[in-house]
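Visitor: Coordinates in input-v4.cif, mmCIF, C-alpha atoms, are listed below.
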```cif
data_final
loop_
_atom_site.label_atom_id
_atom_site.label_comp_id
_atom_site.auth_asym_id
_atom_site.auth_seq_id
_atom_site.Cartn_x
_atom_site.Cartn_y
_atom_site.Cartn_z
CA MET U 1 27.39 26.54 -18.40
CA GLY U 2 28.18 23.03 -19.51
CA ASP U 3 25.66 20.60 -20.92
CA PHE U 4 23.93 18.13 -18.62
CA VAL U 5 25.10 14.57 -19.13
CA THR U 6 22.51 11.82 -18.70
CA TYR U 7 23.47 8.21 -18.08
CA GLU U 8 21.33 5.28 -19.11
CA LYS U 9 20.92 2.63 -16.46
CA ILE U 10 22.74 -0.50 -17.59
CA PRO U 11 20.48 -3.58 -17.22
CA GLU U 12 21.73 -6.10 -14.67
CA ARG U 13 22.88 -9.44 -16.08
CA ALA U 14 21.65 -12.62 -14.44
CA VAL U 15 21.83 -16.40 -14.51
CA LEU U 16 18.63 -18.43 -14.09
CA ILE U 17 18.71 -21.49 -11.82
CA ALA U 18 16.21 -24.32 -11.30
CA VAL U 19 15.92 -27.86 -9.99
CA ALA U 20 14.36 -30.58 -12.18
CA SER U 21 12.83 -32.90 -9.58
CA LYS U 22 10.95 -36.18 -9.97
CA LYS U 23 7.68 -34.23 -9.89
CA GLN U 24 8.86 -31.84 -12.61
CA THR U 25 10.19 -33.02 -15.98
CA ARG U 26 13.08 -31.28 -17.74
CA GLU U 27 10.67 -30.03 -20.43
CA ARG U 28 8.40 -28.46 -17.80
CA THR U 29 11.46 -26.98 -16.05
CA ASP U 30 12.52 -25.34 -19.34
CA GLU U 31 9.01 -23.86 -19.71
CA TYR U 32 9.22 -22.46 -16.18
CA LEU U 33 12.62 -20.96 -16.94
CA ASP U 34 11.20 -19.33 -20.09
CA GLU U 35 8.65 -17.63 -17.85
CA LEU U 36 11.32 -16.73 -15.29
CA ALA U 37 13.33 -15.10 -18.10
CA PHE U 38 10.24 -13.07 -19.09
CA LEU U 39 9.79 -12.04 -15.44
CA LEU U 40 13.42 -10.92 -15.29
CA GLU U 41 13.11 -8.94 -18.52
CA THR U 42 9.92 -7.31 -17.21
CA ALA U 43 11.90 -6.25 -14.12
CA GLY U 44 14.60 -4.75 -16.35
CA GLY U 45 17.23 -7.51 -16.18
CA VAL U 46 18.95 -9.57 -18.87
CA PRO U 47 19.06 -13.40 -18.65
CA VAL U 48 22.50 -14.58 -19.77
CA ALA U 49 22.59 -18.30 -18.97
CA ARG U 50 20.56 -21.13 -17.42
CA PHE U 51 21.61 -23.84 -14.98
CA VAL U 52 19.43 -26.85 -14.11
CA GLN U 53 20.28 -29.62 -11.66
CA ALA U 54 18.36 -32.90 -11.64
CA MET U 55 17.61 -33.80 -8.00
CA ASP U 56 14.91 -35.67 -6.09
CA HIS U 57 14.16 -32.36 -4.37
CA PRO U 58 16.05 -29.10 -3.70
CA SER U 59 18.58 -29.12 -0.85
CA SER U 60 17.11 -27.58 2.31
CA VAL U 61 20.52 -26.05 3.07
CA SER U 62 21.75 -24.61 -0.22
CA TYR U 63 19.04 -25.44 -2.82
CA LEU U 64 21.68 -27.01 -5.14
CA GLY U 65 24.48 -29.51 -4.59
CA SER U 66 27.97 -28.20 -3.84
CA GLY U 67 29.37 -29.27 -7.21
CA LYS U 68 26.68 -27.42 -9.16
CA LEU U 69 27.11 -24.33 -6.97
CA GLU U 70 30.85 -24.29 -7.71
CA GLU U 71 30.19 -24.64 -11.47
CA ILE U 72 27.80 -21.68 -11.39
CA HIS U 73 30.21 -19.69 -9.19
CA GLN U 74 33.02 -20.10 -11.73
CA TYR U 75 30.71 -18.94 -14.55
CA ILE U 76 29.52 -15.91 -12.53
CA LYS U 77 33.14 -14.87 -11.82
CA ALA U 78 34.23 -15.34 -15.44
CA GLU U 79 31.26 -13.44 -16.93
CA ASN U 80 30.88 -10.74 -14.22
CA ILE U 81 27.26 -11.71 -13.51
CA GLU U 82 25.46 -9.55 -10.93
CA ILE U 83 22.41 -11.65 -10.00
CA ALA U 84 21.40 -15.30 -9.67
CA VAL U 85 17.63 -15.79 -10.03
CA ILE U 86 16.09 -18.97 -8.60
CA ASP U 87 12.82 -20.42 -9.94
CA ASP U 88 11.49 -21.21 -6.46
CA GLU U 89 10.90 -19.45 -3.16
CA LEU U 90 14.01 -19.81 -1.01
CA SER U 91 14.21 -20.03 2.76
CA ALA U 92 16.46 -17.54 4.56
CA THR U 93 19.05 -20.31 5.06
CA GLN U 94 19.06 -21.35 1.39
CA ALA U 95 19.37 -17.75 0.21
CA ARG U 96 22.19 -16.92 2.63
CA ASN U 97 24.20 -20.03 1.74
CA MET U 98 23.72 -19.49 -1.99
CA GLU U 99 24.90 -15.87 -1.73
CA GLN U 100 28.01 -17.01 0.13
CA ALA U 101 28.72 -19.78 -2.40
CA LEU U 102 28.04 -17.74 -5.55
CA GLU U 103 29.38 -14.37 -4.29
CA CYS U 104 26.59 -12.43 -5.97
CA ARG U 105 23.10 -11.22 -5.19
CA VAL U 106 20.50 -14.03 -5.10
CA LEU U 107 16.85 -13.40 -5.90
CA ASP U 108 14.15 -16.03 -5.67
CA ARG U 109 11.02 -16.11 -7.82
CA THR U 110 8.89 -14.48 -5.12
CA SER U 111 11.20 -11.49 -4.61
CA LEU U 112 11.37 -10.98 -8.38
CA ILE U 113 7.56 -10.94 -8.69
CA LEU U 114 7.31 -8.58 -5.70
CA ASP U 115 9.80 -6.25 -7.40
CA ILE U 116 7.68 -6.18 -10.59
CA PHE U 117 4.53 -5.53 -8.55
CA ALA U 118 6.29 -2.67 -6.73
CA SER U 119 7.33 -1.01 -9.99
CA ASN U 120 3.80 -1.35 -11.45
CA ALA U 121 1.89 -0.13 -8.37
CA HIS U 122 0.61 3.38 -9.10
CA THR U 123 -2.43 3.95 -6.87
CA ALA U 124 -2.38 4.20 -3.07
CA HIS U 125 -4.36 0.94 -2.90
CA ALA U 126 -1.94 -1.06 -5.05
CA LYS U 127 1.10 0.44 -3.29
CA ALA U 128 -0.28 -0.54 0.13
CA GLN U 129 -1.05 -4.08 -1.08
CA VAL U 130 2.45 -4.56 -2.50
CA GLU U 131 4.17 -3.00 0.52
CA LEU U 132 2.27 -5.36 2.84
CA ALA U 133 3.31 -8.37 0.74
CA GLN U 134 6.95 -7.20 0.75
CA TYR U 135 7.07 -6.82 4.54
CA GLN U 136 5.39 -10.20 5.08
CA TYR U 137 8.01 -11.77 2.79
CA LEU U 138 10.86 -9.89 4.51
CA LEU U 139 9.94 -10.62 8.14
CA PRO U 140 11.19 -14.25 8.38
CA ARG U 141 14.35 -13.29 6.42
CA LEU U 142 15.61 -10.49 8.69
CA THR U 143 18.56 -12.51 10.00
CA ARG U 144 19.89 -12.85 6.45
CA MET U 145 19.60 -9.07 5.95
CA TRP U 146 21.98 -8.51 8.89
CA THR U 147 24.81 -10.87 7.89
CA HIS U 148 27.02 -7.83 7.12
CA LEU U 149 27.19 -7.16 10.89
CA GLU U 150 28.63 -10.63 11.48
CA ARG U 151 31.62 -9.74 9.30
CA GLN U 152 32.14 -6.46 11.19
CA ARG U 153 31.77 -7.55 14.80
CA GLY U 154 34.19 -10.46 14.88
CA GLY U 155 32.26 -12.87 17.10
CA ILE U 156 32.70 -13.02 20.91
CA GLY U 157 31.65 -9.90 22.79
CA MET U 158 30.01 -8.25 19.77
CA ARG U 159 26.84 -10.28 19.36
CA GLY U 160 24.49 -7.87 21.10
CA PRO U 161 24.11 -4.95 18.63
CA GLY U 162 23.22 -7.15 15.69
CA GLU U 163 20.61 -9.11 17.62
CA THR U 164 19.20 -5.87 19.05
CA GLN U 165 18.97 -4.36 15.58
CA ILE U 166 17.16 -7.42 14.23
CA GLU U 167 14.62 -7.22 17.05
CA THR U 168 14.19 -3.48 16.46
CA ASP U 169 13.64 -4.06 12.75
CA ARG U 170 11.22 -6.90 13.47
CA ARG U 171 9.16 -4.67 15.75
CA LEU U 172 9.17 -1.81 13.21
CA ILE U 173 8.08 -4.17 10.43
CA LEU U 174 5.31 -5.70 12.55
CA ASP U 175 4.08 -2.18 13.40
CA ARG U 176 4.12 -1.24 9.72
CA ILE U 177 2.26 -4.44 8.78
CA SER U 178 -0.46 -3.56 11.32
CA VAL U 179 -0.77 -0.04 9.86
CA LEU U 180 -0.98 -1.36 6.29
CA LYS U 181 -3.58 -4.01 7.21
CA GLU U 182 -5.73 -1.33 8.86
CA LYS U 183 -5.33 0.94 5.83
CA LEU U 184 -6.35 -1.89 3.50
CA ARG U 185 -9.33 -2.76 5.74
CA GLU U 186 -10.56 0.82 5.35
CA ILE U 187 -10.08 0.70 1.56
CA ASP U 188 -11.86 -2.70 1.46
CA MET U 189 -14.85 -1.23 3.31
CA GLN U 190 -15.00 1.69 0.85
CA LYS U 191 -14.84 -0.67 -2.11
CA THR U 192 -17.53 -2.93 -0.59
CA VAL U 193 -19.81 0.12 -0.29
CA GLN U 194 -18.98 1.07 -3.90
CA ARG U 195 -19.91 -2.41 -5.11
CA LYS U 196 -23.21 -2.29 -3.22
CA ASN U 197 -23.98 1.11 -4.73
CA ARG U 198 -23.57 -0.20 -8.26
CA GLY U 199 -27.15 -1.40 -8.22
CA LYS U 200 -28.47 -4.52 -9.81
CA LEU U 201 -26.34 -4.60 -12.97
CA VAL U 202 -24.88 -7.95 -13.99
CA ARG U 203 -21.15 -8.07 -13.21
CA VAL U 204 -18.61 -9.58 -15.58
CA ALA U 205 -14.94 -10.08 -14.59
CA LEU U 206 -11.99 -10.65 -16.90
CA VAL U 207 -9.67 -13.31 -15.46
CA GLY U 208 -6.71 -15.21 -16.84
CA TYR U 209 -2.99 -15.76 -16.77
CA THR U 210 -0.85 -12.65 -16.83
CA ASN U 211 -0.17 -11.08 -20.25
CA VAL U 212 -2.96 -12.85 -22.17
CA GLY U 213 -4.70 -9.66 -23.38
CA LYS U 214 -7.33 -8.97 -20.70
CA SER U 215 -6.75 -5.20 -20.75
CA THR U 216 -6.92 -5.13 -24.56
CA ILE U 217 -10.34 -6.82 -24.40
CA MET U 218 -11.37 -4.37 -21.67
CA ASN U 219 -10.45 -1.47 -23.96
CA LEU U 220 -12.29 -3.06 -26.88
CA LEU U 221 -15.55 -3.63 -24.99
CA SER U 222 -15.59 -0.43 -22.92
CA LYS U 223 -13.89 1.87 -25.49
CA SER U 224 -11.72 3.13 -22.63
CA GLU U 225 -7.96 3.47 -22.38
CA VAL U 226 -6.68 0.91 -19.89
CA TYR U 227 -2.87 0.55 -19.84
CA THR U 228 -1.61 -2.37 -21.91
CA GLU U 229 1.92 -3.58 -22.57
CA ASN U 230 3.64 -6.83 -23.49
CA LYS U 231 4.93 -7.32 -19.95
CA LEU U 232 3.91 -9.50 -17.05
CA PHE U 233 1.62 -7.82 -14.49
CA ALA U 234 1.16 -4.60 -16.49
CA THR U 235 -2.23 -4.24 -14.72
CA LEU U 236 -2.43 -4.31 -10.93
CA ASP U 237 -5.40 -2.11 -10.09
CA THR U 238 -8.85 -3.45 -10.79
CA THR U 239 -10.60 -1.26 -13.35
CA VAL U 240 -14.41 -1.31 -13.45
CA ARG U 241 -16.35 0.12 -16.41
CA LYS U 242 -20.05 0.31 -17.23
CA VAL U 243 -20.50 -1.23 -20.67
CA VAL U 244 -23.58 -1.46 -22.90
CA VAL U 245 -23.93 -4.32 -25.39
CA GLU U 246 -26.98 -3.93 -27.62
CA ASN U 247 -29.52 -2.43 -25.16
CA LEU U 248 -28.15 -4.13 -22.06
CA PRO U 249 -25.82 -2.39 -19.55
CA PHE U 250 -23.43 -4.39 -17.34
CA LEU U 251 -20.30 -3.84 -15.23
CA LEU U 252 -16.98 -5.12 -16.59
CA SER U 253 -13.89 -5.43 -14.37
CA ASP U 254 -10.29 -6.14 -15.31
CA THR U 255 -8.25 -7.93 -12.62
CA VAL U 256 -4.63 -8.71 -11.84
CA GLY U 257 -3.28 -11.63 -13.86
CA PHE U 258 -2.53 -15.00 -12.28
CA ILE U 259 0.76 -16.88 -12.58
CA ARG U 260 2.07 -20.25 -11.46
CA LYS U 261 3.76 -20.23 -8.06
CA LEU U 262 2.01 -16.93 -7.28
CA PRO U 263 3.42 -15.85 -3.89
CA HIS U 264 1.00 -16.48 -1.02
CA HIS U 265 1.73 -12.99 0.37
CA LEU U 266 0.42 -11.43 -2.85
CA VAL U 267 -2.78 -13.48 -2.87
CA GLU U 268 -3.40 -12.41 0.75
CA SER U 269 -2.60 -8.74 0.06
CA PHE U 270 -4.72 -8.56 -3.09
CA LYS U 271 -7.84 -10.12 -1.53
CA SER U 272 -9.85 -6.92 -1.98
CA THR U 273 -8.86 -6.73 -5.65
CA LEU U 274 -9.92 -10.35 -6.10
CA ASP U 275 -13.29 -9.59 -4.49
CA GLU U 276 -14.31 -8.29 -7.93
CA VAL U 277 -13.88 -11.86 -9.15
CA ARG U 278 -15.76 -13.35 -6.19
CA GLU U 279 -18.73 -11.00 -6.59
CA SER U 280 -19.01 -11.29 -10.36
CA ASP U 281 -21.84 -13.12 -12.10
CA ILE U 282 -19.92 -14.18 -15.21
CA LEU U 283 -16.20 -14.80 -15.73
CA LEU U 284 -14.46 -14.17 -19.04
CA HIS U 285 -11.48 -16.53 -18.79
CA VAL U 286 -9.02 -15.09 -21.34
CA VAL U 287 -6.40 -17.47 -22.75
CA ASP U 288 -3.39 -16.71 -24.97
CA ILE U 289 -3.96 -19.41 -27.59
CA SER U 290 -0.54 -18.66 -29.13
CA HIS U 291 1.33 -19.62 -25.96
CA PRO U 292 2.90 -23.10 -26.29
CA ASP U 293 1.86 -24.00 -22.73
CA PHE U 294 -1.62 -22.43 -22.75
CA GLU U 295 -3.35 -25.54 -21.37
CA SER U 296 -1.09 -25.49 -18.32
CA GLN U 297 -1.89 -21.79 -17.87
CA ILE U 298 -5.61 -22.64 -17.95
CA GLU U 299 -5.01 -25.17 -15.13
CA VAL U 300 -3.19 -22.52 -13.04
CA VAL U 301 -6.08 -20.05 -13.45
CA ASN U 302 -8.71 -22.71 -12.68
CA GLN U 303 -6.78 -23.76 -9.56
CA THR U 304 -6.54 -20.13 -8.38
CA LEU U 305 -10.27 -19.60 -9.04
CA ALA U 306 -11.03 -22.74 -7.01
CA GLU U 307 -8.95 -21.34 -4.12
CA LEU U 308 -11.02 -18.13 -4.33
CA GLY U 309 -14.25 -20.16 -4.23
CA CYS U 310 -15.15 -19.21 -7.81
CA ALA U 311 -14.83 -22.56 -9.58
CA ASP U 312 -18.60 -22.91 -10.12
CA LYS U 313 -19.22 -19.48 -11.64
CA LYS U 314 -20.60 -19.15 -15.16
CA THR U 315 -17.49 -18.97 -17.36
CA ILE U 316 -16.87 -18.12 -21.01
CA MET U 317 -13.50 -19.20 -22.38
CA VAL U 318 -12.07 -16.45 -24.60
CA PHE U 319 -9.18 -17.80 -26.67
CA ASN U 320 -7.30 -14.65 -27.67
CA LYS U 321 -4.42 -13.92 -30.10
CA ILE U 322 -5.58 -16.20 -32.93
CA ASP U 323 -3.72 -13.77 -35.23
CA ALA U 324 -0.45 -15.16 -33.80
CA ILE U 325 -1.03 -18.81 -34.75
CA THR U 326 -1.74 -20.93 -37.79
CA PHE U 327 -5.31 -21.64 -36.81
CA SER U 328 -6.34 -25.22 -36.11
CA ASP U 329 -9.98 -26.23 -36.67
CA GLU U 330 -9.35 -29.41 -34.66
CA LEU U 331 -8.30 -27.34 -31.64
CA LYS U 332 -11.41 -25.19 -31.95
CA GLN U 333 -13.69 -28.22 -32.19
CA THR U 334 -12.04 -29.87 -29.17
CA TRP U 335 -12.48 -26.88 -26.88
CA MET U 336 -15.98 -26.06 -28.08
CA ALA U 337 -16.97 -29.65 -27.32
CA LYS U 338 -15.44 -29.34 -23.82
CA MET U 339 -17.22 -26.05 -23.12
CA ASN U 340 -20.57 -26.90 -24.78
CA ASP U 341 -19.87 -24.15 -27.34
CA ASN U 342 -19.45 -21.68 -24.45
CA CYS U 343 -16.14 -20.43 -25.78
CA ILE U 344 -14.97 -18.11 -28.52
CA PHE U 345 -11.77 -17.69 -30.55
CA ILE U 346 -10.80 -14.06 -31.18
CA SER U 347 -8.03 -11.58 -31.84
CA ALA U 348 -8.66 -8.53 -29.64
CA LYS U 349 -5.77 -6.78 -31.37
CA ASN U 350 -7.20 -7.24 -34.90
CA ARG U 351 -10.88 -7.46 -33.83
CA ASP U 352 -11.20 -10.91 -35.47
CA ASN U 353 -14.53 -12.57 -34.48
CA TYR U 354 -15.30 -9.53 -32.30
CA GLN U 355 -18.98 -9.40 -33.27
CA GLU U 356 -19.42 -13.10 -32.48
CA PHE U 357 -17.79 -12.46 -29.11
CA ARG U 358 -20.19 -9.58 -28.37
CA ASP U 359 -23.18 -11.72 -29.41
CA LEU U 360 -22.13 -14.57 -27.09
CA LEU U 361 -21.52 -12.16 -24.21
CA TYR U 362 -24.88 -10.43 -24.77
CA LYS U 363 -26.70 -13.78 -24.71
CA GLU U 364 -25.08 -14.82 -21.42
CA ILE U 365 -25.69 -11.43 -19.74
CA ARG U 366 -29.30 -11.35 -20.97
CA ASP U 367 -29.95 -14.87 -19.63
CA MET U 368 -28.33 -14.00 -16.28
CA HIS U 369 -30.36 -10.79 -16.03
CA ALA U 370 -33.60 -12.60 -16.91
CA ILE U 371 -33.04 -15.19 -14.16
CA ARG U 372 -32.17 -12.64 -11.49
CA TYR U 373 -34.64 -9.92 -12.48
CA PRO U 374 -37.61 -11.64 -14.23
CA TYR U 375 -39.74 -8.47 -14.07
CA ASP U 376 -37.25 -6.65 -16.28
CA ASN U 377 -37.79 -9.03 -19.19
CA PHE U 378 -39.61 -6.33 -21.14
CA LEU U 379 -36.11 -4.95 -21.89
CA TYR U 380 -35.51 -7.82 -24.29
#
```
Please re-express this file's structure in structure tokens.
Guide:
Amino acid sequence: MGDFVTYEKIPERAVLIAVASKKQTRERTDEYLDELAFLLETAGGVPVARFVQAMDHPSSVSYLGSGKLEEIHQYIKAENIEIAVIDDELSATQARNMEQALECRVLDRTSLILDIFASNAHTAHAKAQVELAQYQYLLPRLTRMWTHLERQRGGIGMRGPGETQIETDRRLILDRISVLKEKLREIDMQKTVQRKNRGKLVRVALVGYTNVGKSTIMNLLSKSEVYTENKLFATLDTTVRKVVVENLPFLLSDTVGFIRKLPHHLVESFKSTLDEVRESDILLHVVDISHPDFESQIEVVNQTLAELGCADKKTIMVFNKIDAITFSDELKQTWMAKMNDNCIFISAKNRDNYQEFRDLLYKEIRDMHAIRYPYDNFLY
């Protein structure tokens, strides 16, 4: 018998496209495209080139102007590019017109994030959440999915089957959405019961931008093995561990990372996961101090927390990855002044300042426990 031959999947090559509007400077657009490139690489693609058009706002018909579309089309033909990735959420009309103009597959930022979530969903809960978000994203775009029928049917007298198929698909998707929502309601009820059964322990939740090291800190504190990788959205499922610092037990949860322009469908679908954040007593807001745009990432996380109704929760800022920068005492002093010393600078990877971090966390948990359960003060 002959040997089996295995073929490696060749990564798809893509161009990245964005609009630099009046509200968004060219520098900020470049930062967004850096993140879009990281998203594409996480999904298994290869960014080859970038195209940016300065406009007051994106075209409602084709996102870009006709001249820019033709320039990109010529590049795509010359370089055999398979995908164009747009750093915004496109309407069905914009996506359809761009695909016709560029003659390649067009993905917007939302569909790219949904694809990454789908590949990282491993439990039944996460899979149901992602599937619901995908169907909610797909529903208003069904007409675009059926454009291949338009080419086949030739116009007059052949309009019926395509329209019928769209309506059939719409009904099937709506039915599936109902099933998924019911399934998630049942899971939510189970998780609510689980949270109630955890007793009176103080709850601490790790929050932050995606890929800042939350899972590494989770592993460090709980001595457990939570999956970590230098990719966006490596963690989707909330992990809860009972941790003891000094003589004091508490519950620590790791949550899905936030990102700018996080699709609304995902926020809606992951509500039960984010309940761990809502019901926590203390937030550990983890920041990648080595990221050039870390202050903007902090704003994104704070905005998302405000939308979840968690802006007023007790928060400790954990500036992680100090091993990756030339440390600045001025930066440390600035942030400690802002946070009334309620922040810490660490390297979870190298365990730098780990004991100071544990001491600060213990103090906050002890104080929270003493306020809520004054009769337990003999523990301290």
Visitor: Quick check on the file I pasted: which residues fall under the PyMOL selection byres ((chain U and resi 141) around 12)? Write them as an NGL selection string.
Guide: :U and (89-96 or 111 or 134-140 or 142-147 or 166 or 169-170 or 173)
Visitor: What does the PyMOL selection byres ((chain U and resi 124) around 12) select in this file, as a PyMOL selection string?
Guide: chain U and resi 118+120-123+125-131+180+183-184+187+236-237
Visitor: Keeping only C-alpha atoms, write those residues as an mmCIF file, keeping the file's coordinate frame.
Guide:
```cif
data_model
loop_
_atom_site.group_PDB
_atom_site.id
_atom_site.type_symbol
_atom_site.label_atom_id
_atom_site.label_comp_id
_atom_site.auth_asym_id
_atom_site.auth_seq_id
_atom_site.Cartn_x
_atom_site.Cartn_y
_atom_site.Cartn_z
ATOM 1 C CA ALA U 118 6.290 -2.670 -6.730
ATOM 2 C CA ASN U 120 3.800 -1.350 -11.450
ATOM 3 C CA ALA U 121 1.890 -0.130 -8.370
ATOM 4 C CA HIS U 122 0.610 3.380 -9.100
ATOM 5 C CA THR U 123 -2.430 3.950 -6.870
ATOM 6 C CA HIS U 125 -4.360 0.940 -2.900
ATOM 7 C CA ALA U 126 -1.940 -1.060 -5.050
ATOM 8 C CA LYS U 127 1.100 0.440 -3.290
ATOM 9 C CA ALA U 128 -0.280 -0.540 0.130
ATOM 10 C CA GLN U 129 -1.050 -4.080 -1.080
ATOM 11 C CA VAL U 130 2.450 -4.560 -2.500
ATOM 12 C CA GLU U 131 4.170 -3.000 0.520
ATOM 13 C CA LEU U 180 -0.980 -1.360 6.290
ATOM 14 C CA LYS U 183 -5.330 0.940 5.830
ATOM 15 C CA LEU U 184 -6.350 -1.890 3.500
ATOM 16 C CA ILE U 187 -10.080 0.700 1.560
ATOM 17 C CA LEU U 236 -2.430 -4.310 -10.930
ATOM 18 C CA ASP U 237 -5.400 -2.110 -10.090
#
```
Visitor: Counting all atoms listed in the file, figure out which residue out of U:Leu132, U:Ile344, U:Ile259, U:Ile365 gets nearest to U:Tyr32.
Guide: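 Nearest candidate to U:Tyr32 out of U:Leu132, U:Ile344, U:Ile259, U:Ile365: U:Ile259.
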Visitor: Please list as number ranges by chain every residue within 8 Å of stretch 69-75 of chain U, counting only C-alpha atoms and excluding residues in the same chain fewer than 2 positions away.
Guide: U: 51, 64-67, 77-79, 98, 101-103
Visitor: Rank nothing, just name the residue among U:Val244, U:Leu266, U:Val207, U:Arg13 nearest to U:Thr315, using all atoms listed in the file.
Guide: U:Val207
Visitor: Choose the residue, out of U:Leu172, U:Val267, U:Lys200, U:Ser62, that has the smallest atom-to-atom separation from U:Phe250; count only C-alpha atoms.
Guide: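 For U:Phe250, the nearest of the candidates is U:Lys200.
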Visitor: I'd like the residues picked by the PyMOL selection byres ((chain U and resi 364) around 12) written out as a list in words, using the chain letters and numbers from the file.
Guide: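 Applied to this file, the PyMOL selection byres ((chain U and resi 364) around 12) selects Val202, Arg203, Val204, Val245, Leu248, Phe250, Asp281, Ile282, Leu283, Leu284, Lys314, Thr315, Ile316, Asn342, Cys343, Phe357, Arg358, Asp359, Leu360, Leu361, Tyr362, Lys363, Ile365, Arg366, Asp367, Met368, His369, Ala370 and Ile371 of chain U.
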Visitor: Go ahead and save the picked residues with C-alpha atoms, as a PDB file, keeping the file's coordinate frame.
Guide:
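What ended up in result-v8.pdb:
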```pdb
ATOM      1  CA  VAL U 202     -24.880  -7.950 -13.990  1.00  0.00           C
ATOM      2  CA  ARG U 203     -21.150  -8.070 -13.210  1.00  0.00           C
ATOM      3  CA  VAL U 204     -18.610  -9.580 -15.580  1.00  0.00           C
ATOM      4  CA  VAL U 245     -23.930  -4.320 -25.390  1.00  0.00           C
ATOM      5  CA  LEU U 248     -28.150  -4.130 -22.060  1.00  0.00           C
ATOM      6  CA  PHE U 250     -23.430  -4.390 -17.340  1.00  0.00           C
ATOM      7  CA  ASP U 281     -21.840 -13.120 -12.100  1.00  0.00           C
ATOM      8  CA  ILE U 282     -19.920 -14.180 -15.210  1.00  0.00           C
ATOM      9  CA  LEU U 283     -16.200 -14.800 -15.730  1.00  0.00           C
ATOM     10  CA  LEU U 284     -14.460 -14.170 -19.040  1.00  0.00           C
ATOM     11  CA  LYS U 314     -20.600 -19.150 -15.160  1.00  0.00           C
ATOM     12  CA  THR U 315     -17.490 -18.970 -17.360  1.00  0.00           C
ATOM     13  CA  ILE U 316     -16.870 -18.120 -21.010  1.00  0.00           C
ATOM     14  CA  ASN U 342     -19.450 -21.680 -24.450  1.00  0.00           C
ATOM     15  CA  CYS U 343     -16.140 -20.430 -25.780  1.00  0.00           C
ATOM     16  CA  PHE U 357     -17.790 -12.460 -29.110  1.00  0.00           C
ATOM     17  CA  ARG U 358     -20.190  -9.580 -28.370  1.00  0.00           C
ATOM     18  CA  ASP U 359     -23.180 -11.720 -29.410  1.00  0.00           C
ATOM     19  CA  LEU U 360     -22.130 -14.570 -27.090  1.00  0.00           C
ATOM     20  CA  LEU U 361     -21.520 -12.160 -24.210  1.00  0.00           C
ATOM     21  CA  TYR U 362     -24.880 -10.430 -24.770  1.00  0.00           C
ATOM     22  CA  LYS U 363     -26.700 -13.780 -24.710  1.00  0.00           C
ATOM     23  CA  ILE U 365     -25.690 -11.430 -19.740  1.00  0.00           C
ATOM     24  CA  ARG U 366     -29.300 -11.350 -20.970  1.00  0.00           C
ATOM     25  CA  ASP U 367     -29.950 -14.870 -19.630  1.00  0.00           C
ATOM     26  CA  MET U 368     -28.330 -14.000 -16.280  1.00  0.00           C
ATOM     27  CA  HIS U 369     -30.360 -10.790 -16.030  1.00  0.00           C
ATOM     28  CA  ALA U 370     -33.600 -12.600 -16.910  1.00  0.00           C
ATOM     29  CA  ILE U 371     -33.040 -15.190 -14.160  1.00  0.00           C
TER      30      ILE U 371
END
```
Visitor: Excluding stretch 336-339 of chain U and any residue of its chain fewer than 6 positions from it, enumerate the residues within 12 Å of it, using all atoms listed in the file, and give them as a ChimeraX atom specification.
Guide: /U:285,314-319,329-330,345
